[in-house]
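Content type TSV, N, CA and C atoms, from the file input-v5.tsv:
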chain	number	residue	atom	x	y	z
A	617	GLN	N	-4.67	-6.38	-10.08
A	617	GLN	CA	-4.03	-5.36	-10.89
A	617	GLN	C	-3.17	-4.46	-10.01
A	618	VAL	N	-2.26	-3.75	-10.68
A	618	VAL	CA	-1.34	-2.85	-9.97
A	618	VAL	C	-1.31	-1.52	-10.72
A	619	GLN	N	-1.49	-0.44	-9.99
A	619	GLN	CA	-1.30	0.91	-10.55
A	619	GLN	C	-0.01	1.49	-10.00
A	620	LEU	N	0.72	2.14	-10.89
A	620	LEU	CA	2.02	2.72	-10.53
A	620	LEU	C	2.05	4.18	-10.98
A	621	VAL	N	2.57	5.03	-10.11
A	621	VAL	CA	2.70	6.44	-10.46
A	621	VAL	C	4.08	6.93	-10.04
A	622	GLU	N	4.86	7.37	-11.01
A	622	GLU	CA	6.20	7.88	-10.73
A	622	GLU	C	6.16	9.38	-10.43
A	623	SER	N	7.15	9.82	-9.69
A	623	SER	CA	7.35	11.25	-9.44
A	623	SER	C	8.82	11.48	-9.13
A	624	GLY	N	9.22	12.75	-9.17
A	624	GLY	CA	10.58	13.10	-8.77
A	624	GLY	C	11.52	13.42	-9.91
A	625	GLY	N	11.06	13.27	-11.14
A	625	GLY	CA	11.92	13.61	-12.26
A	625	GLY	C	12.13	15.11	-12.37
A	626	GLY	N	13.04	15.50	-13.25
A	626	GLY	CA	13.29	16.92	-13.44
A	626	GLY	C	14.60	17.16	-14.15
A	627	LEU	N	15.05	18.40	-14.05
A	627	LEU	CA	16.31	18.83	-14.69
A	627	LEU	C	17.38	18.98	-13.62
A	628	VAL	N	18.53	18.41	-13.86
A	628	VAL	CA	19.63	18.48	-12.91
A	628	VAL	C	20.94	18.60	-13.68
A	629	GLN	N	21.93	19.23	-13.06
A	629	GLN	CA	23.24	19.34	-13.70
A	629	GLN	C	24.03	18.04	-13.52
A	630	ALA	N	24.94	17.81	-14.43
A	630	ALA	CA	25.81	16.64	-14.33
A	630	ALA	C	26.53	16.65	-12.98
A	631	GLY	N	26.60	15.46	-12.36
A	631	GLY	CA	27.19	15.34	-11.04
A	631	GLY	C	26.18	15.46	-9.91
A	632	GLY	N	24.98	15.89	-10.24
A	632	GLY	CA	23.94	16.07	-9.24
A	632	GLY	C	23.19	14.79	-8.92
A	633	SER	N	22.16	14.93	-8.10
A	633	SER	CA	21.38	13.78	-7.65
A	633	SER	C	19.89	14.06	-7.79
A	634	LEU	N	19.14	12.99	-7.95
A	634	LEU	CA	17.68	13.02	-7.93
A	634	LEU	C	17.20	11.75	-7.27
A	635	ARG	N	16.01	11.83	-6.66
A	635	ARG	CA	15.37	10.62	-6.16
A	635	ARG	C	14.00	10.48	-6.79
A	636	LEU	N	13.81	9.38	-7.48
A	636	LEU	CA	12.51	9.08	-8.06
A	636	LEU	C	11.69	8.24	-7.08
A	637	SER	N	10.40	8.46	-7.10
A	637	SER	CA	9.47	7.68	-6.28
A	637	SER	C	8.45	7.00	-7.16
A	638	CYS	N	8.02	5.83	-6.74
A	638	CYS	CA	6.96	5.09	-7.44
A	638	CYS	C	5.93	4.68	-6.39
A	639	ALA	N	4.75	5.29	-6.46
A	639	ALA	CA	3.66	4.93	-5.57
A	639	ALA	C	2.94	3.71	-6.14
A	640	VAL	N	2.77	2.70	-5.31
A	640	VAL	CA	2.20	1.41	-5.73
A	640	VAL	C	0.83	1.23	-5.09
A	641	SER	N	-0.12	0.68	-5.85
A	641	SER	CA	-1.51	0.63	-5.39
A	641	SER	C	-1.81	-0.54	-4.47
A	642	ARG	N	-0.84	-1.43	-4.25
A	642	ARG	CA	-1.04	-2.55	-3.34
A	642	ARG	C	0.24	-2.79	-2.56
A	643	SER	N	0.19	-3.69	-1.61
A	643	SER	CA	1.35	-3.98	-0.79
A	643	SER	C	2.54	-4.40	-1.66
A	644	ILE	N	3.66	-3.77	-1.39
A	644	ILE	CA	4.87	-4.10	-2.15
A	644	ILE	C	5.25	-5.56	-1.99
A	645	PHE	N	5.01	-6.13	-0.81
A	645	PHE	CA	5.42	-7.51	-0.56
A	645	PHE	C	4.54	-8.52	-1.28
A	646	SER	N	3.43	-8.06	-1.86
A	646	SER	CA	2.59	-8.95	-2.66
A	646	SER	C	3.08	-9.02	-4.11
A	647	ILE	N	4.06	-8.20	-4.45
A	647	ILE	CA	4.56	-8.10	-5.81
A	647	ILE	C	5.88	-8.84	-5.92
A	648	ASN	N	5.99	-9.70	-6.94
A	648	ASN	CA	7.18	-10.53	-7.08
A	648	ASN	C	8.45	-9.69	-7.22
A	649	ARG	N	8.37	-8.66	-8.03
A	649	ARG	CA	9.55	-7.86	-8.30
A	649	ARG	C	9.15	-6.45	-8.73
A	650	MET	N	9.78	-5.46	-8.15
A	650	MET	CA	9.63	-4.06	-8.57
A	650	MET	C	10.88	-3.64	-9.32
A	651	GLY	N	10.73	-2.68	-10.20
A	651	GLY	CA	11.90	-2.26	-10.94
A	651	GLY	C	11.78	-0.88	-11.54
A	652	TRP	N	12.90	-0.41	-12.00
A	652	TRP	CA	12.98	0.84	-12.76
A	652	TRP	C	13.64	0.54	-14.10
A	653	TYR	N	13.06	1.09	-15.14
A	653	TYR	CA	13.62	0.99	-16.48
A	653	TYR	C	13.66	2.39	-17.07
A	654	ARG	N	14.41	2.54	-18.13
A	654	ARG	CA	14.45	3.84	-18.80
A	654	ARG	C	14.48	3.65	-20.30
A	655	GLN	N	14.02	4.68	-21.00
A	655	GLN	CA	13.95	4.60	-22.45
A	655	GLN	C	14.14	5.97	-23.06
A	656	ALA	N	15.06	6.05	-23.98
A	656	ALA	CA	15.27	7.27	-24.75
A	656	ALA	C	14.54	7.13	-26.08
A	657	PRO	N	14.18	8.25	-26.72
A	657	PRO	CA	13.47	8.18	-28.00
A	657	PRO	C	14.22	7.34	-29.03
A	658	GLY	N	13.53	6.41	-29.66
A	658	GLY	CA	14.13	5.59	-30.69
A	658	GLY	C	14.99	4.45	-30.19
A	659	LYS	N	15.02	4.26	-28.86
A	659	LYS	CA	15.85	3.19	-28.30
A	659	LYS	C	14.99	2.21	-27.52
A	660	GLN	N	15.55	1.03	-27.28
A	660	GLN	CA	14.84	0.03	-26.49
A	660	GLN	C	14.83	0.41	-25.01
A	661	ARG	N	13.81	-0.08	-24.32
A	661	ARG	CA	13.74	0.14	-22.89
A	661	ARG	C	14.89	-0.63	-22.22
A	662	GLU	N	15.54	0.03	-21.26
A	662	GLU	CA	16.76	-0.50	-20.64
A	662	GLU	C	16.54	-0.72	-19.15
A	663	LEU	N	17.04	-1.83	-18.64
A	663	LEU	CA	16.97	-2.10	-17.21
A	663	LEU	C	17.84	-1.11	-16.45
A	664	VAL	N	17.26	-0.54	-15.40
A	664	VAL	CA	18.03	0.30	-14.48
A	664	VAL	C	18.29	-0.47	-13.19
A	665	ALA	N	17.21	-0.92	-12.54
A	665	ALA	CA	17.37	-1.64	-11.27
A	665	ALA	C	16.10	-2.41	-10.97
A	666	THR	N	16.26	-3.55	-10.29
A	666	THR	CA	15.12	-4.31	-9.82
A	666	THR	C	15.31	-4.70	-8.37
A	667	LEU	N	14.18	-4.97	-7.71
A	667	LEU	CA	14.18	-5.34	-6.29
A	667	LEU	C	13.09	-6.38	-6.10
A	668	THR	N	13.49	-7.58	-5.66
A	668	THR	CA	12.49	-8.63	-5.46
A	668	THR	C	11.82	-8.48	-4.11
A	669	ALA	N	10.73	-9.21	-3.93
A	669	ALA	CA	10.02	-9.16	-2.66
A	669	ALA	C	10.91	-9.61	-1.50
A	670	SER	N	11.88	-10.49	-1.80
A	670	SER	CA	12.78	-10.99	-0.75
A	670	SER	C	13.97	-10.07	-0.52
A	671	GLY	N	14.06	-8.99	-1.33
A	671	GLY	CA	15.09	-8.00	-1.08
A	671	GLY	C	16.33	-8.09	-1.95
A	672	ILE	N	16.29	-8.95	-2.96
A	672	ILE	CA	17.44	-9.07	-3.86
A	672	ILE	C	17.40	-7.96	-4.90
A	673	THR	N	18.54	-7.30	-5.07
A	673	THR	CA	18.63	-6.20	-6.03
A	673	THR	C	19.48	-6.59	-7.24
A	674	ASN	N	19.21	-5.91	-8.33
A	674	ASN	CA	19.98	-6.10	-9.55
A	674	ASN	C	20.04	-4.76	-10.27
A	675	TYR	N	21.21	-4.45	-10.83
A	675	TYR	CA	21.39	-3.14	-11.48
A	675	TYR	C	21.95	-3.31	-12.89
A	676	GLY	N	21.56	-2.37	-13.76
A	676	GLY	CA	22.17	-2.30	-15.06
A	676	GLY	C	23.63	-1.87	-14.93
A	677	ASP	N	24.46	-2.33	-15.85
A	677	ASP	CA	25.90	-2.05	-15.75
A	677	ASP	C	26.20	-0.56	-15.74
A	678	SER	N	25.42	0.21	-16.48
A	678	SER	CA	25.73	1.64	-16.62
A	678	SER	C	25.40	2.45	-15.37
A	679	VAL	N	24.68	1.87	-14.42
A	679	VAL	CA	24.29	2.63	-13.22
A	679	VAL	C	24.86	2.05	-11.93
A	680	LYS	N	25.53	0.91	-12.02
A	680	LYS	CA	26.09	0.29	-10.81
A	680	LYS	C	27.01	1.25	-10.08
A	681	GLY	N	26.83	1.33	-8.77
A	681	GLY	CA	27.65	2.20	-7.94
A	681	GLY	C	27.16	3.63	-7.87
A	682	ARG	N	26.18	3.98	-8.70
A	682	ARG	CA	25.65	5.35	-8.70
A	682	ARG	C	24.16	5.39	-8.30
A	683	PHE	N	23.41	4.39	-8.66
A	683	PHE	CA	21.97	4.35	-8.39
A	683	PHE	C	21.68	3.29	-7.33
A	684	THR	N	20.65	3.55	-6.53
A	684	THR	CA	20.22	2.61	-5.50
A	684	THR	C	18.71	2.50	-5.50
A	685	ILE	N	18.21	1.27	-5.57
A	685	ILE	CA	16.77	1.03	-5.48
A	685	ILE	C	16.45	0.63	-4.03
A	686	SER	N	15.34	1.15	-3.53
A	686	SER	CA	14.93	0.83	-2.16
A	686	SER	C	13.41	0.90	-2.07
A	687	ARG	N	12.88	0.55	-0.91
A	687	ARG	CA	11.42	0.54	-0.75
A	687	ARG	C	11.06	0.98	0.65
A	688	ASP	N	9.85	1.50	0.76
A	688	ASP	CA	9.24	1.81	2.04
A	688	ASP	C	7.91	1.07	2.06
A	689	ALA	N	7.89	-0.06	2.74
A	689	ALA	CA	6.69	-0.90	2.72
A	689	ALA	C	5.49	-0.20	3.36
A	690	ALA	N	5.74	0.60	4.37
A	690	ALA	CA	4.63	1.28	5.04
A	690	ALA	C	3.94	2.28	4.11
A	691	GLN	N	4.73	2.84	3.17
A	691	GLN	CA	4.19	3.82	2.23
A	691	GLN	C	3.85	3.19	0.87
A	692	ASN	N	4.11	1.89	0.72
A	692	ASN	CA	3.92	1.22	-0.58
A	692	ASN	C	4.60	2.02	-1.69
A	693	THR	N	5.85	2.36	-1.44
A	693	THR	CA	6.60	3.20	-2.37
A	693	THR	C	7.96	2.59	-2.63
A	694	VAL	N	8.38	2.66	-3.87
A	694	VAL	CA	9.72	2.23	-4.27
A	694	VAL	C	10.47	3.46	-4.75
A	695	TYR	N	11.74	3.52	-4.39
A	695	TYR	CA	12.56	4.69	-4.72
A	695	TYR	C	13.72	4.30	-5.63
A	696	LEU	N	14.20	5.28	-6.35
A	696	LEU	CA	15.44	5.14	-7.09
A	696	LEU	C	16.28	6.38	-6.79
A	697	GLN	N	17.31	6.18	-5.96
A	697	GLN	CA	18.24	7.26	-5.66
A	697	GLN	C	19.31	7.29	-6.74
A	698	MET	N	19.45	8.41	-7.41
A	698	MET	CA	20.39	8.53	-8.52
A	698	MET	C	21.43	9.59	-8.16
A	699	ASN	N	22.67	9.16	-8.04
A	699	ASN	CA	23.78	10.05	-7.69
A	699	ASN	C	24.77	10.14	-8.85
A	700	ASN	N	25.58	11.19	-8.82
A	700	ASN	CA	26.59	11.39	-9.86
A	700	ASN	C	25.98	11.23	-11.26
A	701	LEU	N	24.90	11.95	-11.48
A	701	LEU	CA	24.20	11.83	-12.76
A	701	LEU	C	25.03	12.34	-13.92
A	702	LYS	N	24.85	11.68	-15.06
A	702	LYS	CA	25.58	12.02	-16.27
A	702	LYS	C	24.59	12.39	-17.37
A	703	PRO	N	25.03	13.17	-18.36
A	703	PRO	CA	24.11	13.53	-19.45
A	703	PRO	C	23.48	12.30	-20.12
A	704	GLU	N	24.22	11.20	-20.18
A	704	GLU	CA	23.67	9.98	-20.81
A	704	GLU	C	22.60	9.31	-19.97
A	705	ASP	N	22.37	9.77	-18.76
A	705	ASP	CA	21.27	9.26	-17.95
A	705	ASP	C	19.94	9.92	-18.33
A	706	THR	N	19.99	10.91	-19.20
A	706	THR	CA	18.77	11.57	-19.66
A	706	THR	C	17.86	10.58	-20.35
A	707	ASN	N	16.66	10.41	-19.82
A	707	ASN	CA	15.71	9.41	-20.30
A	707	ASN	C	14.36	9.64	-19.64
A	708	VAL	N	13.37	8.94	-20.14
A	708	VAL	CA	12.13	8.77	-19.39
A	708	VAL	C	12.30	7.51	-18.53
A	709	TYR	N	12.03	7.64	-17.24
A	709	TYR	CA	12.18	6.53	-16.31
A	709	TYR	C	10.80	5.97	-15.96
A	710	TYR	N	10.71	4.65	-16.06
A	710	TYR	CA	9.44	3.95	-15.83
A	710	TYR	C	9.55	3.03	-14.62
A	711	CYS	N	8.55	3.07	-13.78
A	711	CYS	CA	8.41	2.10	-12.70
A	711	CYS	C	7.72	0.86	-13.25
A	712	ASN	N	8.13	-0.28	-12.75
A	712	ASN	CA	7.64	-1.56	-13.27
A	712	ASN	C	7.32	-2.50	-12.12
A	713	ALA	N	6.27	-3.29	-12.29
A	713	ALA	CA	5.92	-4.31	-11.30
A	713	ALA	C	5.62	-5.62	-12.00
A	714	LEU	N	6.20	-6.69	-11.48
A	714	LEU	CA	5.87	-8.04	-11.94
A	714	LEU	C	4.96	-8.66	-10.89
A	715	PHE	N	3.69	-8.84	-11.24
A	715	PHE	CA	2.69	-9.33	-10.29
A	715	PHE	C	1.81	-10.37	-10.96
A	716	ALA	N	1.72	-11.53	-10.35
A	716	ALA	CA	0.89	-12.62	-10.89
A	716	ALA	C	1.23	-12.87	-12.36
A	717	TRP	N	2.53	-12.87	-12.66
A	717	TRP	CA	3.06	-13.18	-13.99
A	717	TRP	C	2.67	-12.16	-15.05
A	718	GLU	N	2.24	-10.99	-14.63
A	718	GLU	CA	1.98	-9.90	-15.56
A	718	GLU	C	2.86	-8.70	-15.22
A	719	MET	N	3.23	-7.96	-16.27
A	719	MET	CA	4.06	-6.78	-16.08
A	719	MET	C	3.17	-5.54	-16.11
A	720	TYR	N	3.42	-4.64	-15.17
A	720	TYR	CA	2.69	-3.39	-15.11
A	720	TYR	C	3.68	-2.23	-15.18
A	721	TRP	N	3.24	-1.15	-15.81
A	721	TRP	CA	4.12	0.01	-16.01
A	721	TRP	C	3.43	1.29	-15.57
A	722	GLY	N	4.22	2.20	-15.03
A	722	GLY	CA	3.73	3.54	-14.78
A	722	GLY	C	3.85	4.38	-16.04
A	723	PRO	N	3.33	5.61	-16.01
A	723	PRO	CA	3.36	6.49	-17.19
A	723	PRO	C	4.74	7.07	-17.48
A	724	GLY	N	5.65	7.01	-16.52
A	724	GLY	CA	7.00	7.50	-16.73
A	724	GLY	C	7.22	8.91	-16.20
A	725	THR	N	8.48	9.21	-15.90
A	725	THR	CA	8.86	10.55	-15.47
A	725	THR	C	10.17	10.93	-16.16
A	726	GLN	N	10.24	12.15	-16.65
A	726	GLN	CA	11.39	12.59	-17.43
A	726	GLN	C	12.52	13.03	-16.51
A	727	VAL	N	13.72	12.54	-16.80
A	727	VAL	CA	14.94	13.00	-16.13
A	727	VAL	C	15.86	13.57	-17.20
A	728	THR	N	16.28	14.80	-16.99
A	728	THR	CA	17.18	15.46	-17.93
A	728	THR	C	18.42	15.94	-17.18
A	729	VAL	N	19.57	15.52	-17.66
A	729	VAL	CA	20.84	15.88	-17.04
A	729	VAL	C	21.61	16.77	-18.01
A	730	SER	N	21.88	17.98	-17.57
A	730	SER	CA	22.60	18.93	-18.42
A	730	SER	C	24.11	18.86	-18.15
A	731	SER	N	24.88	19.09	-19.18
A	731	SER	CA	26.35	19.01	-19.04
A	731	SER	C	26.95	20.35	-18.64
As structure tokens, the full file:
Amino acid sequence: QVQLVESGGGLVQAGGSLRLSCAVSRSIFSINRMGWYRQAPGKQRELVATLTASGITNYGDSVKGRFTISRDAAQNTVYLQMNNLKPEDTNVYYCNALFAWEMYWGPGTQVTVSS
């Protein structure tokens, strides 16, 4: 099993930056793929970014060039650096792990971008 805990959300003005962290309960390299997703009320969960164990990244079209996913293996932590934030980035952000063909989710962290 995998436990995930997000942190780093908050309120920021448009154009600002935030870094989200996801603490992982086991070695990151034992997990097939880590990722960040987001979901607004009444909408489907949307891909933000993923990072495979081999280091391959993938980003949603709406965040390409602004967000960066990274990891610190020593800390078993995955990060999401978010730059040039826009009001439409306001969402609950969820950390995700694909491990042994099962998906695991953190409780989420709220990001609010004011215009």
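Here the question is which of A:Ala665, A:Glu718, A:Glu622, A:Thr725 gets nearest to Phe683 of chain A using only N, CA and C atoms, and that residue is A:Ala665.
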Asn712 of chain A environment, 7 Å, only N, CA and C atoms, sequence neighbours closer than 3 positions dropped, as a VMD selection string: chain A and resid 649 to 653 719 to 722
Show me, as a compact mmCIF listing (two decimals) with N, CA and C atoms, in the frame of the given file, the residues that have an atom within 8 Å of Gly681 of chain A when counting all atoms listed in the file, minus same-chain residues fewer than 6 positions from it.
# COMPACT_ATOMS: atom_id res chain seq x y z
N TYR A 675 21.21 -4.45 -10.83
CA TYR A 675 21.39 -3.14 -11.48
C TYR A 675 21.95 -3.31 -12.89
N ASN A 699 22.67 9.16 -8.04
CA ASN A 699 23.78 10.05 -7.69
C ASN A 699 24.77 10.14 -8.85
N ASN A 700 25.58 11.19 -8.82
CA ASN A 700 26.59 11.39 -9.86
C ASN A 700 25.98 11.23 -11.26
Between atom C of Ala713 of chain A and atom N of Asn648 of chain A, what distance in Å does the model show, to one decimal? 6.5 Å
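Look at Gly724 of chain A: the protein and nucleic acid residues within 12 Å of it, using only C-alpha atoms and passing over chain neighbours fewer than 2 places away, are Leu620, Val621, Glu622, Ser623, Gly624, Gly625, Gly626, Leu636, Ser637, Cys638, Ala639, Trp652, Tyr653, Arg654, Gln655, Ala656, Arg661, Asn707, Val708, Tyr709, Tyr710, Cys711, Asn712, Tyr720, Trp721, Gly722, Gln726 and Val727 of chain A.
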Print the selection's residues with N, CA and C atoms to a file, as an mmCIF file, in the frame of the given file.
data_model
loop_
_atom_site.group_PDB
_atom_site.id
_atom_site.type_symbol
_atom_site.label_atom_id
_atom_site.label_comp_id
_atom_site.auth_asym_id
_atom_site.auth_seq_id
_atom_site.Cartn_x
_atom_site.Cartn_y
_atom_site.Cartn_z
ATOM 1 N N LEU A 620 0.720 2.140 -10.890
ATOM 2 C CA LEU A 620 2.020 2.720 -10.530
ATOM 3 C C LEU A 620 2.050 4.180 -10.980
ATOM 4 N N VAL A 621 2.570 5.030 -10.110
ATOM 5 C CA VAL A 621 2.700 6.440 -10.460
ATOM 6 C C VAL A 621 4.080 6.930 -10.040
ATOM 7 N N GLU A 622 4.860 7.370 -11.010
ATOM 8 C CA GLU A 622 6.200 7.880 -10.730
ATOM 9 C C GLU A 622 6.160 9.380 -10.430
ATOM 10 N N SER A 623 7.150 9.820 -9.690
ATOM 11 C CA SER A 623 7.350 11.250 -9.440
ATOM 12 C C SER A 623 8.820 11.480 -9.130
ATOM 13 N N GLY A 624 9.220 12.750 -9.170
ATOM 14 C CA GLY A 624 10.580 13.100 -8.770
ATOM 15 C C GLY A 624 11.520 13.420 -9.910
ATOM 16 N N GLY A 625 11.060 13.270 -11.140
ATOM 17 C CA GLY A 625 11.920 13.610 -12.260
ATOM 18 C C GLY A 625 12.130 15.110 -12.370
ATOM 19 N N GLY A 626 13.040 15.500 -13.250
ATOM 20 C CA GLY A 626 13.290 16.920 -13.440
ATOM 21 C C GLY A 626 14.600 17.160 -14.150
ATOM 22 N N LEU A 636 13.810 9.380 -7.480
ATOM 23 C CA LEU A 636 12.510 9.080 -8.060
ATOM 24 C C LEU A 636 11.690 8.240 -7.080
ATOM 25 N N SER A 637 10.400 8.460 -7.100
ATOM 26 C CA SER A 637 9.470 7.680 -6.280
ATOM 27 C C SER A 637 8.450 7.000 -7.160
ATOM 28 N N CYS A 638 8.020 5.830 -6.740
ATOM 29 C CA CYS A 638 6.960 5.090 -7.440
ATOM 30 C C CYS A 638 5.930 4.680 -6.390
ATOM 31 N N ALA A 639 4.750 5.290 -6.460
ATOM 32 C CA ALA A 639 3.660 4.930 -5.570
ATOM 33 C C ALA A 639 2.940 3.710 -6.140
ATOM 34 N N TRP A 652 12.900 -0.410 -12.000
ATOM 35 C CA TRP A 652 12.980 0.840 -12.760
ATOM 36 C C TRP A 652 13.640 0.540 -14.100
ATOM 37 N N TYR A 653 13.060 1.090 -15.140
ATOM 38 C CA TYR A 653 13.620 0.990 -16.480
ATOM 39 C C TYR A 653 13.660 2.390 -17.070
ATOM 40 N N ARG A 654 14.410 2.540 -18.130
ATOM 41 C CA ARG A 654 14.450 3.840 -18.800
ATOM 42 C C ARG A 654 14.480 3.650 -20.300
ATOM 43 N N GLN A 655 14.020 4.680 -21.000
ATOM 44 C CA GLN A 655 13.950 4.600 -22.450
ATOM 45 C C GLN A 655 14.140 5.970 -23.060
ATOM 46 N N ALA A 656 15.060 6.050 -23.980
ATOM 47 C CA ALA A 656 15.270 7.270 -24.750
ATOM 48 C C ALA A 656 14.540 7.130 -26.080
ATOM 49 N N ARG A 661 13.810 -0.080 -24.320
ATOM 50 C CA ARG A 661 13.740 0.140 -22.890
ATOM 51 C C ARG A 661 14.890 -0.630 -22.220
ATOM 52 N N ASN A 707 16.660 10.410 -19.820
ATOM 53 C CA ASN A 707 15.710 9.410 -20.300
ATOM 54 C C ASN A 707 14.360 9.640 -19.640
ATOM 55 N N VAL A 708 13.370 8.940 -20.140
ATOM 56 C CA VAL A 708 12.130 8.770 -19.390
ATOM 57 C C VAL A 708 12.300 7.510 -18.530
ATOM 58 N N TYR A 709 12.030 7.640 -17.240
ATOM 59 C CA TYR A 709 12.180 6.530 -16.310
ATOM 60 C C TYR A 709 10.800 5.970 -15.960
ATOM 61 N N TYR A 710 10.710 4.650 -16.060
ATOM 62 C CA TYR A 710 9.440 3.950 -15.830
ATOM 63 C C TYR A 710 9.550 3.030 -14.620
ATOM 64 N N CYS A 711 8.550 3.070 -13.780
ATOM 65 C CA CYS A 711 8.410 2.100 -12.700
ATOM 66 C C CYS A 711 7.720 0.860 -13.250
ATOM 67 N N ASN A 712 8.130 -0.280 -12.750
ATOM 68 C CA ASN A 712 7.640 -1.560 -13.270
ATOM 69 C C ASN A 712 7.320 -2.500 -12.120
ATOM 70 N N TYR A 720 3.420 -4.640 -15.170
ATOM 71 C CA TYR A 720 2.690 -3.390 -15.110
ATOM 72 C C TYR A 720 3.680 -2.230 -15.180
ATOM 73 N N TRP A 721 3.240 -1.150 -15.810
ATOM 74 C CA TRP A 721 4.120 0.010 -16.010
ATOM 75 C C TRP A 721 3.430 1.290 -15.570
ATOM 76 N N GLY A 722 4.220 2.200 -15.030
ATOM 77 C CA GLY A 722 3.730 3.540 -14.780
ATOM 78 C C GLY A 722 3.850 4.380 -16.040
ATOM 79 N N GLN A 726 10.240 12.150 -16.650
ATOM 80 C CA GLN A 726 11.390 12.590 -17.430
ATOM 81 C C GLN A 726 12.520 13.030 -16.510
ATOM 82 N N VAL A 727 13.720 12.540 -16.800
ATOM 83 C CA VAL A 727 14.940 13.000 -16.130
ATOM 84 C C VAL A 727 15.860 13.570 -17.200
#
State, in Å with one decimal place, the distance from atom CA of Arg687 of chain A to atom CA of Asp705 of chain A. 21.7 Å
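From atom C of Arg642 of chain A back to atom CA of Asn692 of chain A, the distance works out to 5.8 Å.
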As a ChimeraX atom specification, please: every residue in segment 625-724 of chain A that a backbone DSSP assignment puts in strand (DSSP E). /A:626-629,634-640,649-655,662-668,673-675,683-688,693-698,707-715,718-721
Using DSSP assignments from the backbone, pull out every residue in segment 623-724 of chain A that falls under helix (DSSP H, G or I) and give it to me as a count of residues only. 9
Determine the nearest neighbour of Gln629 of chain A from the options A:Thr684, A:Lys659, A:Pro703, A:Pro723, counting only N, CA and C atoms.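 Looking at the shortest contact to Gln629 of chain A, the residue is A:Pro703.
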Counting all atoms listed in the file, which residue out of A:Ser670, A:Arg635, A:Ile647, A:Gln617 sits closest to Leu696 of chain A?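 Using all atoms listed in the file, Leu696 of chain A sits closest to A:Arg635.
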Minimum-distance residue to Ser731 of chain A, chosen among A:Gln619, A:Ala630, A:Ser646, A:Asp688 (using all atoms listed in the file):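 Among A:Gln619, A:Ala630, A:Ser646, A:Asp688, it is A:Ala630 that comes nearest to Ser731 of chain A.
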Would you mind telling me which residue in A:Thr728, A:Ser643, A:Ser633, A:Thr706 lies nearest to Thr693 of chain A when using only C-alpha atoms? A:Ser643
Proximity to Asp677 of chain A - best of A:Ser641, A:Leu663, A:Pro657, A:Ala689, only N, CA and C atoms: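 When distances to Asp677 of chain A are compared using only N, CA and C atoms, the smallest one comes from A:Leu663.
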For segment 620-624 of chain A, supply all heavy atoms and format the output as a short mmCIF file (atom, residue, chain, number, x, y, z; two decimals), in the frame of the given file.
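Saved as rebuild.cif:
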data_model
loop_
_atom_site.label_atom_id
_atom_site.label_comp_id
_atom_site.auth_asym_id
_atom_site.auth_seq_id
_atom_site.Cartn_x
_atom_site.Cartn_y
_atom_site.Cartn_z
N LEU A 620 0.72 2.14 -10.89
CA LEU A 620 2.02 2.72 -10.53
C LEU A 620 2.05 4.18 -10.98
O LEU A 620 1.64 4.49 -12.10
CB LEU A 620 3.15 1.95 -11.22
CG LEU A 620 3.17 0.43 -11.03
CD1 LEU A 620 4.17 -0.21 -11.99
CD2 LEU A 620 3.49 0.08 -9.60
N VAL A 621 2.57 5.03 -10.11
CA VAL A 621 2.70 6.44 -10.46
C VAL A 621 4.08 6.93 -10.04
O VAL A 621 4.40 6.91 -8.84
CB VAL A 621 1.62 7.31 -9.79
CG1 VAL A 621 1.81 8.78 -10.17
CG2 VAL A 621 0.22 6.84 -10.21
N GLU A 622 4.86 7.37 -11.01
CA GLU A 622 6.20 7.88 -10.73
C GLU A 622 6.16 9.38 -10.43
O GLU A 622 5.28 10.10 -10.91
CB GLU A 622 7.14 7.65 -11.93
CG GLU A 622 7.25 6.22 -12.41
CD GLU A 622 6.33 5.91 -13.55
OE1 GLU A 622 5.32 6.62 -13.73
OE2 GLU A 622 6.60 4.94 -14.30
N SER A 623 7.15 9.82 -9.69
CA SER A 623 7.35 11.25 -9.44
C SER A 623 8.82 11.48 -9.13
O SER A 623 9.57 10.53 -8.88
CB SER A 623 6.47 11.74 -8.29
OG SER A 623 6.79 11.07 -7.09
N GLY A 624 9.22 12.75 -9.17
CA GLY A 624 10.58 13.10 -8.77
C GLY A 624 11.52 13.42 -9.91
O GLY A 624 12.67 13.80 -9.67
#
